[in-house]
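Next comes target-v3.cif, with mmCIF, C-alpha atoms and all ligand atoms.
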data_start
#
loop_
_atom_site.label_atom_id
_atom_site.label_comp_id
_atom_site.auth_asym_id
_atom_site.auth_seq_id
_atom_site.Cartn_x
_atom_site.Cartn_y
_atom_site.Cartn_z
CA MET A 9 20.54 16.99 43.62
CA THR A 10 17.71 17.17 46.13
CA THR A 11 14.92 16.14 43.79
CA SER A 12 13.81 12.54 43.83
CA ILE A 13 11.76 10.96 41.07
CA HIS A 14 7.99 11.17 41.16
CA ILE A 15 5.71 10.26 38.30
CA GLN A 16 4.12 13.35 36.72
CA THR A 17 1.50 13.77 34.05
CA ASP A 18 2.65 15.31 30.76
CA GLU A 19 0.78 18.47 31.71
CA GLN A 20 2.51 18.71 35.10
CA ALA A 21 5.93 18.07 33.53
CA HIS A 22 5.33 20.77 30.92
CA LEU A 23 4.10 23.23 33.54
CA ARG A 24 7.15 22.55 35.72
CA THR A 25 9.52 23.27 32.85
CA THR A 26 7.65 26.47 31.99
CA ALA A 27 7.54 27.57 35.64
CA ARG A 28 11.28 27.00 36.11
CA ALA A 29 12.16 29.08 33.08
CA PHE A 30 9.68 31.80 34.03
CA LEU A 31 10.95 32.04 37.62
CA ALA A 32 14.61 32.02 36.56
CA ARG A 33 13.79 35.06 34.44
CA HIS A 34 11.34 36.96 36.65
CA ALA A 35 12.35 35.91 40.18
CA PRO A 36 16.11 35.17 40.14
CA ALA A 37 17.70 34.48 43.54
CA LEU A 38 19.44 37.86 43.79
CA ASP A 39 16.23 39.78 43.08
CA VAL A 40 14.26 37.73 45.63
CA ARG A 41 16.90 38.45 48.25
CA ILE A 42 16.72 42.17 47.49
CA TRP A 43 12.88 42.13 47.69
CA ASP A 44 13.09 40.29 51.01
CA GLU A 45 15.70 42.61 52.53
CA ALA A 46 13.95 45.78 51.35
CA GLY A 47 10.40 44.50 52.03
CA THR A 48 9.47 45.20 48.42
CA TYR A 49 6.47 43.67 46.66
CA PRO A 50 7.37 42.59 43.09
CA GLU A 51 4.32 43.96 41.30
CA HIS A 52 5.71 43.03 37.87
CA LEU A 53 6.13 39.35 38.86
CA PHE A 54 2.48 39.00 39.82
CA ARG A 55 1.35 40.87 36.72
CA GLU A 56 3.31 38.37 34.63
CA ILE A 57 1.83 35.45 36.59
CA ALA A 58 -1.66 36.78 35.83
CA ARG A 59 -0.73 37.28 32.17
CA LEU A 60 0.56 33.70 31.95
CA GLY A 61 -2.85 32.48 33.12
CA TRP A 62 -1.75 30.60 36.25
CA TYR A 63 -4.82 31.88 38.10
CA ASP A 64 -7.18 30.58 35.43
CA VAL A 65 -6.89 27.08 36.90
CA VAL A 66 -9.36 28.03 39.63
CA ALA A 67 -11.37 30.78 37.98
CA GLY A 68 -13.86 28.71 35.99
CA ASP A 69 -17.31 27.53 37.08
CA GLU A 70 -15.85 24.15 38.03
CA ASP A 71 -12.31 23.30 39.11
CA VAL A 72 -10.44 22.06 36.04
CA ASP A 73 -9.24 18.46 35.95
CA GLY A 74 -6.10 18.00 37.96
CA THR A 75 -6.34 21.43 39.66
CA ALA A 76 -4.38 20.44 42.74
CA GLY A 77 -1.82 18.43 40.76
CA LEU A 78 -1.07 21.51 38.65
CA LEU A 79 -1.04 23.87 41.61
CA ILE A 80 1.41 21.82 43.67
CA THR A 81 3.73 21.79 40.68
CA LEU A 82 3.60 25.60 40.47
CA CYS A 83 3.86 26.13 44.23
CA GLU A 84 6.84 23.81 44.56
CA GLU A 85 8.70 25.72 41.88
CA ILE A 86 7.78 29.13 43.34
CA GLY A 87 8.74 27.82 46.80
CA LYS A 88 12.28 27.22 45.57
CA ALA A 89 12.52 30.99 45.19
CA SER A 90 10.59 31.90 48.36
CA SER A 91 7.73 30.55 50.48
CA ASP A 92 6.66 34.18 50.90
CA LEU A 93 5.99 34.39 47.15
CA VAL A 94 3.98 31.16 47.45
CA ALA A 95 1.90 32.81 50.19
CA LEU A 96 1.08 35.72 47.88
CA PHE A 97 0.29 33.40 44.97
CA ASN A 98 -1.91 31.30 47.24
CA LEU A 99 -3.84 34.32 48.54
CA ASN A 100 -4.82 35.29 45.01
CA LEU A 101 -5.61 31.74 43.96
CA SER A 102 -7.57 30.73 47.04
CA GLY A 103 -9.41 34.06 47.00
CA LEU A 104 -10.32 33.69 43.33
CA ARG A 105 -11.49 30.17 43.96
CA ASP A 106 -13.72 31.40 46.81
CA ILE A 107 -15.15 34.14 44.62
CA HIS A 108 -15.87 31.72 41.77
CA ARG A 109 -17.24 29.05 44.11
CA TRP A 110 -19.42 31.30 46.30
CA GLY A 111 -19.70 34.66 44.51
CA THR A 112 -22.36 36.13 42.24
CA PRO A 113 -21.49 36.93 38.60
CA GLU A 114 -21.28 40.61 39.65
CA GLN A 115 -18.78 39.79 42.42
CA GLN A 116 -16.74 37.73 39.98
CA GLU A 117 -16.66 40.71 37.65
CA THR A 118 -16.00 43.36 40.33
CA TYR A 119 -13.49 41.52 42.53
CA GLY A 120 -12.28 38.51 40.52
CA ALA A 121 -11.66 40.02 37.07
CA PRO A 122 -9.12 42.68 38.24
CA VAL A 123 -7.08 39.96 39.98
CA LEU A 124 -7.15 37.81 36.85
CA ALA A 125 -5.97 40.85 34.90
CA GLY A 126 -3.10 41.40 37.37
CA ASP A 127 -4.50 44.79 38.51
CA ALA A 128 -5.62 43.80 42.03
CA ARG A 129 -4.86 41.23 44.68
CA LEU A 130 -6.65 39.31 47.42
CA SER A 131 -5.99 38.92 51.10
CA ILE A 132 -7.72 37.07 53.95
CA ALA A 133 -8.58 38.65 57.31
CA VAL A 134 -9.61 36.20 60.03
CA SER A 135 -7.13 36.59 62.92
CA GLU A 136 -7.70 39.23 65.59
CA PRO A 137 -5.78 40.36 68.67
CA ASP A 138 -7.67 37.76 70.77
CA VAL A 139 -8.46 35.22 68.03
CA GLY A 140 -5.83 32.89 66.55
CA SER A 141 -6.29 29.13 66.19
CA ASP A 142 -9.84 29.37 67.55
CA ALA A 143 -11.03 31.11 64.39
CA ALA A 144 -14.72 30.55 65.11
CA SER A 145 -14.45 33.08 67.96
CA VAL A 146 -14.01 36.08 65.63
CA ALA A 147 -15.28 39.19 67.45
CA THR A 148 -15.39 41.74 64.61
CA ARG A 149 -19.08 42.59 64.26
CA ALA A 150 -21.15 43.13 61.13
CA GLU A 151 -24.51 44.75 61.86
CA LYS A 152 -27.31 44.78 59.34
CA VAL A 153 -28.34 48.39 58.69
CA GLY A 154 -31.01 48.85 56.02
CA ASP A 155 -29.94 46.82 52.98
CA GLY A 156 -26.28 46.91 53.90
CA TRP A 157 -23.85 46.20 56.72
CA VAL A 158 -21.72 48.21 59.13
CA LEU A 159 -18.48 46.58 60.33
CA ASN A 160 -16.47 47.40 63.48
CA GLY A 161 -13.45 45.57 64.88
CA GLN A 162 -9.78 44.82 64.39
CA LYS A 163 -7.86 42.22 62.42
CA THR A 164 -4.20 41.21 62.78
CA TYR A 165 -1.42 39.50 60.77
CA CYS A 166 -3.26 39.92 57.46
CA GLU A 167 -0.70 39.04 54.86
CA GLY A 168 -0.42 41.39 51.90
CA ALA A 169 -3.41 43.44 53.09
CA GLY A 170 -1.53 46.72 52.70
CA LEU A 171 -0.41 46.11 49.12
CA PRO A 172 -1.80 48.28 46.33
CA GLY A 173 -5.18 47.15 45.05
CA ALA A 174 -5.74 44.64 47.88
CA VAL A 175 -9.26 43.41 48.61
CA MET A 176 -9.76 41.47 51.84
CA GLU A 177 -11.99 38.51 52.38
CA LEU A 178 -12.86 39.59 55.89
CA VAL A 179 -14.59 37.30 58.38
CA ALA A 180 -17.03 38.98 60.77
CA ARG A 181 -19.77 37.95 63.18
CA VAL A 182 -23.15 38.54 61.56
CA GLY A 183 -25.29 37.30 64.45
CA GLY A 184 -28.06 34.75 64.23
CA GLY A 185 -28.59 31.66 66.37
CA GLY A 186 -26.81 28.32 66.63
CA ARG A 187 -23.14 27.60 67.16
CA LYS A 188 -20.45 30.33 67.07
CA ARG A 189 -19.29 29.06 63.70
CA ASP A 190 -22.77 29.42 62.20
CA GLN A 191 -22.76 33.17 62.88
CA LEU A 192 -19.89 34.13 60.59
CA GLY A 193 -19.96 35.89 57.26
CA VAL A 194 -17.26 36.70 54.68
CA PHE A 195 -17.19 40.30 53.37
CA LEU A 196 -15.26 41.55 50.37
CA VAL A 197 -13.61 44.76 51.58
CA PRO A 198 -11.18 46.87 49.51
CA VAL A 199 -8.45 48.14 51.85
CA ASP A 200 -8.94 51.71 50.64
CA HIS A 201 -12.65 51.66 51.63
CA PRO A 202 -13.70 54.51 53.98
CA GLY A 203 -13.33 53.48 57.64
CA VAL A 204 -10.57 50.92 56.94
CA GLU A 205 -7.07 51.62 58.23
CA VAL A 206 -4.16 49.30 57.51
CA ARG A 207 -0.79 49.32 59.32
CA ARG A 208 2.22 47.17 58.58
CA MET A 209 3.44 45.08 61.52
CA PRO A 210 7.24 44.76 61.85
CA ALA A 211 7.99 41.03 61.62
CA LEU A 212 10.91 38.58 61.58
CA GLY A 213 10.14 37.27 58.09
CA ARG A 214 7.60 37.18 55.27
CA ASN A 215 9.05 40.56 54.33
CA ILE A 216 7.91 40.53 50.71
CA SER A 217 4.20 40.22 51.47
CA GLY A 218 4.27 41.90 54.88
CA ILE A 219 1.71 41.33 57.61
CA TYR A 220 -0.79 44.04 58.55
CA GLU A 221 -3.14 45.15 61.28
CA VAL A 222 -6.53 46.25 60.00
CA PHE A 223 -8.79 48.65 61.92
CA LEU A 224 -12.47 48.82 60.96
CA ARG A 225 -14.45 51.85 62.16
CA ASP A 226 -18.07 52.04 61.00
CA VAL A 227 -17.20 50.53 57.66
CA THR A 228 -20.40 50.71 55.62
CA LEU A 229 -20.78 48.04 52.96
CA PRO A 230 -23.57 47.18 50.52
CA ALA A 231 -25.34 43.79 50.67
CA THR A 232 -23.36 42.84 47.55
CA ALA A 233 -20.17 42.77 49.64
CA VAL A 234 -21.21 39.49 51.30
CA LEU A 235 -19.64 36.37 49.78
CA GLY A 236 -22.13 33.50 49.84
CA GLU A 237 -24.84 33.94 52.46
CA PRO A 238 -24.32 35.65 55.83
CA GLY A 239 -23.77 32.66 58.14
CA GLU A 240 -21.85 30.63 55.53
CA GLY A 241 -18.48 32.06 56.56
CA TRP A 242 -17.25 28.97 58.37
CA GLN A 243 -18.12 26.69 55.46
CA ILE A 244 -16.28 29.01 53.04
CA LEU A 245 -13.19 29.01 55.28
CA LYS A 246 -13.26 25.25 55.84
CA GLU A 247 -13.47 24.44 52.12
CA ARG A 248 -10.82 27.00 51.26
CA LEU A 249 -8.34 25.63 53.77
CA VAL A 250 -8.09 22.17 52.20
CA LEU A 251 -6.58 23.27 48.87
CA GLU A 252 -4.73 26.09 50.61
CA ARG A 253 -2.94 23.62 52.91
CA ILE A 254 -1.95 21.47 49.92
CA MET A 255 -0.54 24.47 48.03
CA ILE A 256 1.29 25.97 51.00
CA SER A 257 2.78 22.57 51.87
CA SER A 258 4.07 22.14 48.36
CA GLY A 259 5.65 25.59 48.53
CA PHE A 260 7.45 24.57 51.74
CA LEU A 261 8.81 21.50 49.96
CA GLY A 262 10.26 23.69 47.22
CA SER A 263 11.90 25.86 49.87
CA VAL A 264 13.33 22.81 51.66
CA ALA A 265 14.78 21.56 48.37
CA ALA A 266 16.39 24.98 47.81
CA VAL A 267 17.82 25.03 51.34
CA LEU A 268 19.25 21.51 50.96
CA ASP A 269 20.77 22.40 47.58
CA LEU A 270 22.52 25.42 49.08
CA THR A 271 23.80 23.33 51.99
CA VAL A 272 25.00 20.37 49.92
CA HIS A 273 26.91 22.80 47.73
CA TYR A 274 28.43 24.52 50.77
CA ALA A 275 29.35 21.21 52.45
CA ASN A 276 31.16 20.08 49.32
CA GLU A 277 33.04 23.36 48.91
CA ARG A 278 33.98 24.20 52.49
CA GLU A 279 37.05 22.47 53.90
CA GLN A 280 37.99 22.27 57.57
CA PHE A 281 40.72 20.13 59.17
CA GLY A 282 41.96 19.36 55.67
CA LYS A 283 38.76 17.80 54.34
CA ALA A 284 35.44 18.92 52.87
CA LEU A 285 32.62 19.20 55.41
CA SER A 286 30.73 16.70 53.27
CA THR A 287 33.16 13.97 54.33
CA TYR A 288 32.09 14.22 57.97
CA GLN A 289 29.17 12.04 58.98
CA GLY A 290 28.13 14.63 61.53
CA VAL A 291 27.29 16.79 58.50
CA THR A 292 26.08 14.23 55.96
CA LEU A 293 23.74 12.07 58.04
CA PRO A 294 21.41 14.86 59.25
CA LEU A 295 21.24 16.16 55.67
CA ALA A 296 20.43 12.69 54.35
CA GLU A 297 17.68 12.40 56.96
CA MET A 298 16.19 15.72 55.78
CA PHE A 299 16.28 14.40 52.22
CA VAL A 300 14.33 11.29 53.27
CA ARG A 301 11.81 13.45 55.13
CA LEU A 302 11.47 15.72 52.11
CA ASP A 303 10.63 12.73 49.96
CA ALA A 304 8.10 11.42 52.50
CA ALA A 305 6.45 14.84 52.85
CA ARG A 306 6.28 15.13 49.06
CA CYS A 307 4.44 11.78 48.92
CA ALA A 308 1.98 13.11 51.53
CA VAL A 309 1.38 16.33 49.57
CA ARG A 310 0.93 14.48 46.28
CA ARG A 311 -1.45 12.00 47.89
CA SER A 312 -3.59 14.91 49.18
CA ALA A 313 -3.56 16.51 45.73
CA ASP A 314 -4.60 13.21 44.11
CA LEU A 315 -7.48 12.82 46.57
CA PHE A 316 -8.55 16.42 46.01
CA ASP A 317 -8.51 16.00 42.25
CA ALA A 318 -10.50 12.76 42.54
CA GLY A 319 -13.17 14.72 44.47
CA LEU A 320 -12.49 12.70 47.63
CA PRO A 321 -12.33 14.11 51.17
CA CYS A 322 -8.78 14.98 52.25
CA GLU A 323 -9.06 17.22 55.26
CA VAL A 324 -7.05 14.84 57.44
CA GLU A 325 -4.55 14.02 54.69
CA SER A 326 -3.94 17.69 53.83
CA THR A 327 -3.50 18.45 57.54
CA MET A 328 -0.88 15.68 57.77
CA ALA A 329 0.86 17.05 54.68
CA LYS A 330 0.97 20.55 56.18
CA PHE A 331 2.19 19.19 59.52
CA LEU A 332 5.06 17.27 57.87
CA SER A 333 6.13 19.98 55.44
CA GLY A 334 5.86 22.88 57.93
CA GLN A 335 7.96 21.07 60.53
CA LEU A 336 10.43 20.05 57.86
CA TYR A 337 10.95 23.57 56.49
CA ALA A 338 11.59 24.93 59.99
CA GLU A 339 14.01 22.13 60.90
CA ALA A 340 15.81 21.93 57.53
CA SER A 341 16.46 25.67 57.45
CA ALA A 342 17.75 25.59 61.06
CA LEU A 343 20.04 22.66 60.20
CA ALA A 344 21.28 24.50 57.11
CA MET A 345 22.14 27.53 59.25
CA GLN A 346 24.10 25.27 61.60
CA ILE A 347 26.06 23.58 58.82
CA GLN A 348 26.84 26.84 57.05
CA GLY A 349 28.19 28.26 60.32
CA ALA A 350 29.06 31.96 60.29
CA TYR A 351 28.52 32.12 56.52
CA GLY A 352 24.86 31.16 57.02
CA TYR A 353 24.38 34.16 59.28
CA VAL A 354 25.47 36.70 56.68
CA ARG A 355 22.83 38.20 54.41
CA ASP A 356 24.74 37.29 51.29
CA HIS A 357 22.49 34.49 50.08
CA ALA A 358 18.97 33.11 50.56
CA LEU A 359 19.50 31.18 53.79
CA PRO A 360 18.65 33.90 56.35
CA MET A 361 15.36 34.51 54.48
CA HIS A 362 14.55 30.79 54.49
CA HIS A 363 15.38 30.57 58.18
CA SER A 364 13.05 33.42 59.17
CA ASP A 365 10.30 32.20 56.85
CA GLY A 366 10.86 28.57 57.92
CA ILE A 367 10.17 29.38 61.58
CA ILE A 368 6.66 30.56 60.78
CA ALA A 369 5.91 27.55 58.54
CA ARG A 370 4.99 25.75 61.74
CA VAL A 371 2.40 28.36 62.70
CA VAL A 372 0.62 29.59 59.57
CA ALA A 373 -2.31 27.47 58.38
CA GLY A 374 -2.38 25.71 61.76
CA PRO A 375 0.23 25.12 64.50
CA PRO A 376 1.42 21.50 64.96
CA SER A 377 -0.33 20.90 68.28
CA VAL A 378 -3.67 22.09 66.88
CA GLN A 379 -3.17 19.94 63.78
CA LEU A 380 -2.20 16.88 65.81
CA ASP A 381 -5.26 17.41 67.98
CA PHE A 382 -7.44 17.33 64.85
CA ILE A 383 -5.64 14.21 63.60
CA ALA A 384 -6.03 12.56 67.01
CA ARG A 385 -9.77 13.16 66.86
CA SER A 386 -9.89 11.65 63.36
CA MET A 387 -8.35 8.50 64.93
CA GLY A 388 -11.23 8.31 67.37
CA LEU A 389 -9.24 9.70 70.29
CA GLY A 390 -11.06 11.91 72.74
CA THR A 391 -14.46 10.45 71.99
CA GLY A 392 -14.29 7.58 74.46
CA ALA A 393 -15.20 5.11 71.68
CA SER A 394 -12.93 3.40 69.12
CA ARG A 395 -13.69 3.61 65.42
C1 LIG A 401 3.47 35.36 58.64
C2 LIG A 401 2.06 35.21 59.07
C3 LIG A 401 1.05 35.34 58.13
C4 LIG A 401 -0.28 35.26 58.53
N1 LIG A 401 -1.26 35.50 57.61
C5 LIG A 401 -2.53 35.63 58.04
C6 LIG A 401 -3.54 36.10 57.15
O1 LIG A 401 -3.26 36.43 55.98
N2 LIG A 401 -4.80 36.21 57.61
C7 LIG A 401 -5.13 35.89 58.90
O2 LIG A 401 -6.29 36.00 59.25
N3 LIG A 401 -4.19 35.45 59.77
C8 LIG A 401 -2.90 35.32 59.38
N4 LIG A 401 -1.93 34.91 60.24
C9 LIG A 401 -2.30 34.48 61.58
C10 LIG A 401 -2.27 32.96 61.65
O3 LIG A 401 -3.40 32.45 60.99
C11 LIG A 401 -2.22 32.60 63.15
O4 LIG A 401 -0.89 32.83 63.53
C12 LIG A 401 -2.64 31.18 63.41
O5 LIG A 401 -4.01 31.05 63.19
C13 LIG A 401 -2.34 30.77 64.84
O6 LIG A 401 -2.85 31.71 65.72
P1 LIG A 401 -1.89 32.43 66.80
O7 LIG A 401 -0.59 32.72 66.16
O8 LIG A 401 -2.64 33.56 67.37
O9 LIG A 401 -1.60 31.32 67.86
P2 LIG A 401 -2.56 30.83 69.07
O10 LIG A 401 -3.81 30.28 68.53
O11 LIG A 401 -2.64 31.87 70.11
O12 LIG A 401 -1.70 29.61 69.57
C14 LIG A 401 -0.37 29.81 70.12
C15 LIG A 401 0.22 28.45 70.37
O13 LIG A 401 -0.57 27.79 71.37
C16 LIG A 401 -0.73 26.43 71.05
N5 LIG A 401 -2.17 26.09 70.94
C17 LIG A 401 -3.21 26.91 70.62
N6 LIG A 401 -4.37 26.23 70.64
C18 LIG A 401 -4.07 24.96 70.96
C19 LIG A 401 -4.84 23.77 71.13
N7 LIG A 401 -6.17 23.74 70.95
N8 LIG A 401 -4.19 22.61 71.43
C20 LIG A 401 -2.85 22.61 71.62
N9 LIG A 401 -2.07 23.70 71.46
C21 LIG A 401 -2.67 24.87 71.15
C22 LIG A 401 0.05 26.19 69.74
O14 LIG A 401 1.32 25.72 70.05
C23 LIG A 401 0.16 27.53 69.13
O15 LIG A 401 1.32 27.65 68.31
C24 LIG A 401 -0.60 34.98 59.88
C25 LIG A 401 0.42 34.83 60.81
C26 LIG A 401 1.72 34.97 60.43
C27 LIG A 401 2.79 34.89 61.48
#

Translate the structure of the given file into structure tokens.
Ligand SMILES: Cc1cc2nc3c(=O)[nH]c(=O)nc-3n(C[C@H](O)[C@H](O)[C@H](O)COP(=O)(O)OP(=O)(O)OC[C@H]3O[C@@H](n4cnc5c(N)ncnc54)[C@H](O)[C@@H]3O)c2cc1C
Amino acid sequence: MTTSIHIQTDEQAHLRTTARAFLARHAPALDVRIWDEAGTYPEHLFREIARLGWYDVVAGDEDVDGTAGLLITLCEEIGKASSDLVALFNLNLSGLRDIHRWGTPEQQETYGAPVLAGDARLSIAVSEPDVGSDAASVATRAEKVGDGWVLNGQKTYCEGAGLPGAVMELVARVGGGGRKRDQLGVFLVPVDHPGVEVRRMPALGRNISGIYEVFLRDVTLPATAVLGEPGEGWQILKERLVLERIMISSGFLGSVAAVLDLTVHYANEREQFGKALSTYQGVTLPLAEMFVRLDAARCAVRRSADLFDAGLPCEVESTMAKFLSGQLYAEASALAMQIQGAYGYVRDHALPMHHSDGIIARVVAGPPSVQLDFIARSMGLGTGASR
């Protein structure tokens, strides 16, 4: 109903069919709703994902051909079940990609292999109580002591960081000269490491993964815990974010499609004043507009994936894709709540989950105003000179 036609490669089409069947079996709507309401992490689902080899796409020496094209296919299908599940999938994938792009063979073995085997999971810890969009201002300190490092500080909103077997990619200030962003390092820190304390933060949504505060008190790490070189943290984050934005955006599109499907069904079934809701233009036209925006956002996501797979820069394009899809998920889920009236408010179906998760789609991976500011600068605004 809410899927328009886009040309896919044979590989993408095959993967989509496989993913649909897999998710219908291992993440059916009722189970996802129960996980969301109870705040339960579906360990078995992610074990199965690892066993199926979905992480292998990014775990080689080089990205495989069509990496992003395959990943948006998977994320869109997972997003139909829940954008929270996409977030968890993305954390493992993006983390594995970082470890294979920047890590030593030993780090790939120690931290990457258990994730590939489905025994561990990855998380990212950048945000702090006083550091949000301005990520370069991270205050958590890493001091060089002998051959190793000692970390002190606090992180916030770290998704999935409290789940069993989680290892954080934790960004800390390592010192050195130059700009703020040149003084950052990424450390691989298991959450059960001495000196690390993790506390779940009560939140409106993202209940399956959960968001966590992380306290670091004299956390002593060996030199082998540093990913890349100390001082390369910003570069690692910047590169990671491009594919991450593309994947997350695609997940949002899947969620929007699911929300529209639920609402179209409801509007056809529900009768008021003697007619189905779907006969009233006040109901149909806003839904049709969301459908058009979904299609446009999908074009933007696919364009970013194509550029990525062609090895071309797509920082601006992936930012636009995230802007469009994040706004759309928030607005489409709010519209769906409106059209489903009192029924939408009852926790009897997926809509309340989509609504709470949709709200935060505008914030995670960059709020709209910060993204538009970046896009404005790419247009030559703010420099005083036209391109
Ligand atoms: C569900 C969830 C999961 C998350 N997962 C993680 C995670 O796994 N790891 C992690 O490190 N962090 C995570 N975060 C934190 C997330 O990265 C931050 O929310 C995000 O970076 C924005 O920071 P902030 O929320 O502190 O907003 P702030 O940066 O404080 O901004 C607040 C608002 O001010 C405005 N604003 C800020 N700066 C500008 C500007 N320059 N121009 C115009 N307007 C501006 C925007 O409207 C913005 O929405 C998560 C957050 C949530 C809610």

Hey, which bits of chain A sit within 9 Å of ligand LIG 401 (chain A), and for each residue what's the closest pair of atoms and how far apart in Å (one decimal), counting all atoms listed in the file, rows by chain and increasing number, as CSV?
residue,atom,partner,partner_atom,distance
A:Asp92,CA,A:LIG401,C1,8.5
A:Ala95,CA,A:LIG401,C3,8.4
A:Leu99,CA,A:LIG401,O1,7.8
A:Ser131,CA,A:LIG401,O1,6.1
A:Ile132,CA,A:LIG401,N2,4.8
A:Ala133,CA,A:LIG401,O2,4.0
A:Val134,CA,A:LIG401,O2,3.4
A:Ser135,CA,A:LIG401,O2,3.8
A:Glu136,CA,A:LIG401,O2,7.3
A:Pro137,CA,A:LIG401,O8,7.6
A:Asp138,CA,A:LIG401,O8,7.4
A:Val139,CA,A:LIG401,O8,6.1
A:Gly140,CA,A:LIG401,O6,3.3
A:Ser141,CA,A:LIG401,O10,3.6
A:Asp142,CA,A:LIG401,O10,6.2
A:Ala143,CA,A:LIG401,O5,7.1
A:Lys163,CA,A:LIG401,O2,7.2
A:Thr164,CA,A:LIG401,N3,6.5
A:Tyr165,CA,A:LIG401,C8,4.6
A:Cys166,CA,A:LIG401,O1,3.8
A:Glu167,CA,A:LIG401,O1,3.8
A:Gly168,CA,A:LIG401,O1,7.0
A:Ala169,CA,A:LIG401,O1,7.6
A:Leu178,CA,A:LIG401,O2,8.2
A:Val179,CA,A:LIG401,O2,8.4
A:Ala211,CA,A:LIG401,C1,7.8
A:Leu212,CA,A:LIG401,C1,8.6
A:Gly213,CA,A:LIG401,C1,7.0
A:Arg214,CA,A:LIG401,C1,5.6
A:Asn215,CA,A:LIG401,C1,8.8
A:Ser217,CA,A:LIG401,C1,8.7
A:Gly218,CA,A:LIG401,C1,7.6
A:Ile219,CA,A:LIG401,C3,6.0
A:Tyr220,CA,A:LIG401,O1,8.4
A:Asp365,CA,A:LIG401,C1,7.7
A:Ile368,CA,A:LIG401,C27,5.8
A:Ala369,CA,A:LIG401,C1,8.2
A:Arg370,CA,A:LIG401,O15,7.8
A:Val371,CA,A:LIG401,O4,5.6
A:Val372,CA,A:LIG401,C10,4.9
A:Ala373,CA,A:LIG401,O3,5.7
A:Gly374,CA,A:LIG401,C12,5.7
A:Pro375,CA,A:LIG401,O15,4.7
A:Pro376,CA,A:LIG401,O14,6.6
A:Ser377,CA,A:LIG401,C20,4.5
A:Val378,CA,A:LIG401,N8,4.6
A:Gln379,CA,A:LIG401,N8,8.2
A:Leu380,CA,A:LIG401,C20,8.2
A:Asp381,CA,A:LIG401,N8,6.3
A:Phe382,CA,A:LIG401,N7,8.9

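Distance annotation: of A:Leu104, A:Leu159, A:Ala76, A:Ile216, the residue with the minimal separation from A:Pro50 is A:Ile216; atom set is only C-alpha atoms.
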
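Each of A:Ser258, A:Gln289, A:Gln191, A:Gln346 was compared to A:Lys88 using only C-alpha atoms, and A:Ser258 turns out to be the nearest.
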
Residues near A:Val291, cut-off 10 Å, all atoms listed in the file, skip fewer than 4 positions along chain, as a PyMOL selection string: chain A and resi 271-272+275+285-287+295-296+343-344+346-347

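Here atom CA of A:Thr327 stands at a distance of 29.6 Å from atom CA of A:Leu53.
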
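One distance worth recording is that between atom CA of A:Asp127 and atom CA of A:Ala174, which is 9.5 Å.
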
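Restricting the calculation to only C-alpha atoms, the smallest distance between A:Leu315 and any of A:Leu192, A:Ile254, A:Ala58, A:Val94 is found for A:Ile254.
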
Determine, counting only C-alpha atoms, every residue of protein, DNA or RNA that lies within 12 Å of (5.7, 36.8, 34.1) in the file coordinates, then give the result as a VMD selection string. chain A and resid 26 to 35 50 to 62 126

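Checking A:Glu252, A:Glu297, A:Glu325, A:Glu247 one by one against A:Glu339, counting all atoms listed in the file, you find the shortest gap at A:Glu297.
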
Would you work out the distance separating atom CA of A:Thr391 from atom CA of A:Phe331, expressed in Å to one decimal? 22.6 Å

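Distance check against A:Ala125 using only C-alpha atoms: of A:Glu177, A:Glu221, A:Asp64, A:Glu240, the minimum falls on A:Asp64.
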
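Nearest to A:Phe223 of all the residues A:Gly47, A:Gly203, A:Gly74, A:Pro36 is A:Gly203, based on only C-alpha atoms.
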
Pick out the residues sitting within 8 Å of stretch 198-200 of chain A, and hand them over as a list in words; count only C-alpha atoms, and ignore anything fewer than 3 positions along from it in its own chain. Ala169, Gly170, Gly173, Ala174, Val175, Met176, Val204, Glu205 and Val206 of chain A

May I have a table of the residues of stretch 51-160 of chain A lying at most 9 Å from stretch 354-363 of chain A, giving each one's closest pair of atoms and their distance in Å to one decimal, counting all atoms listed in the file, ordered by chain and ascending residue number, as CSV?
residue,atom,partner,partner_atom,distance
A:Ala89,CA,A:Ala358,CA,8.7
A:Ser90,CA,A:His362,CA,7.4
A:Ser91,CA,A:His362,CA,7.9
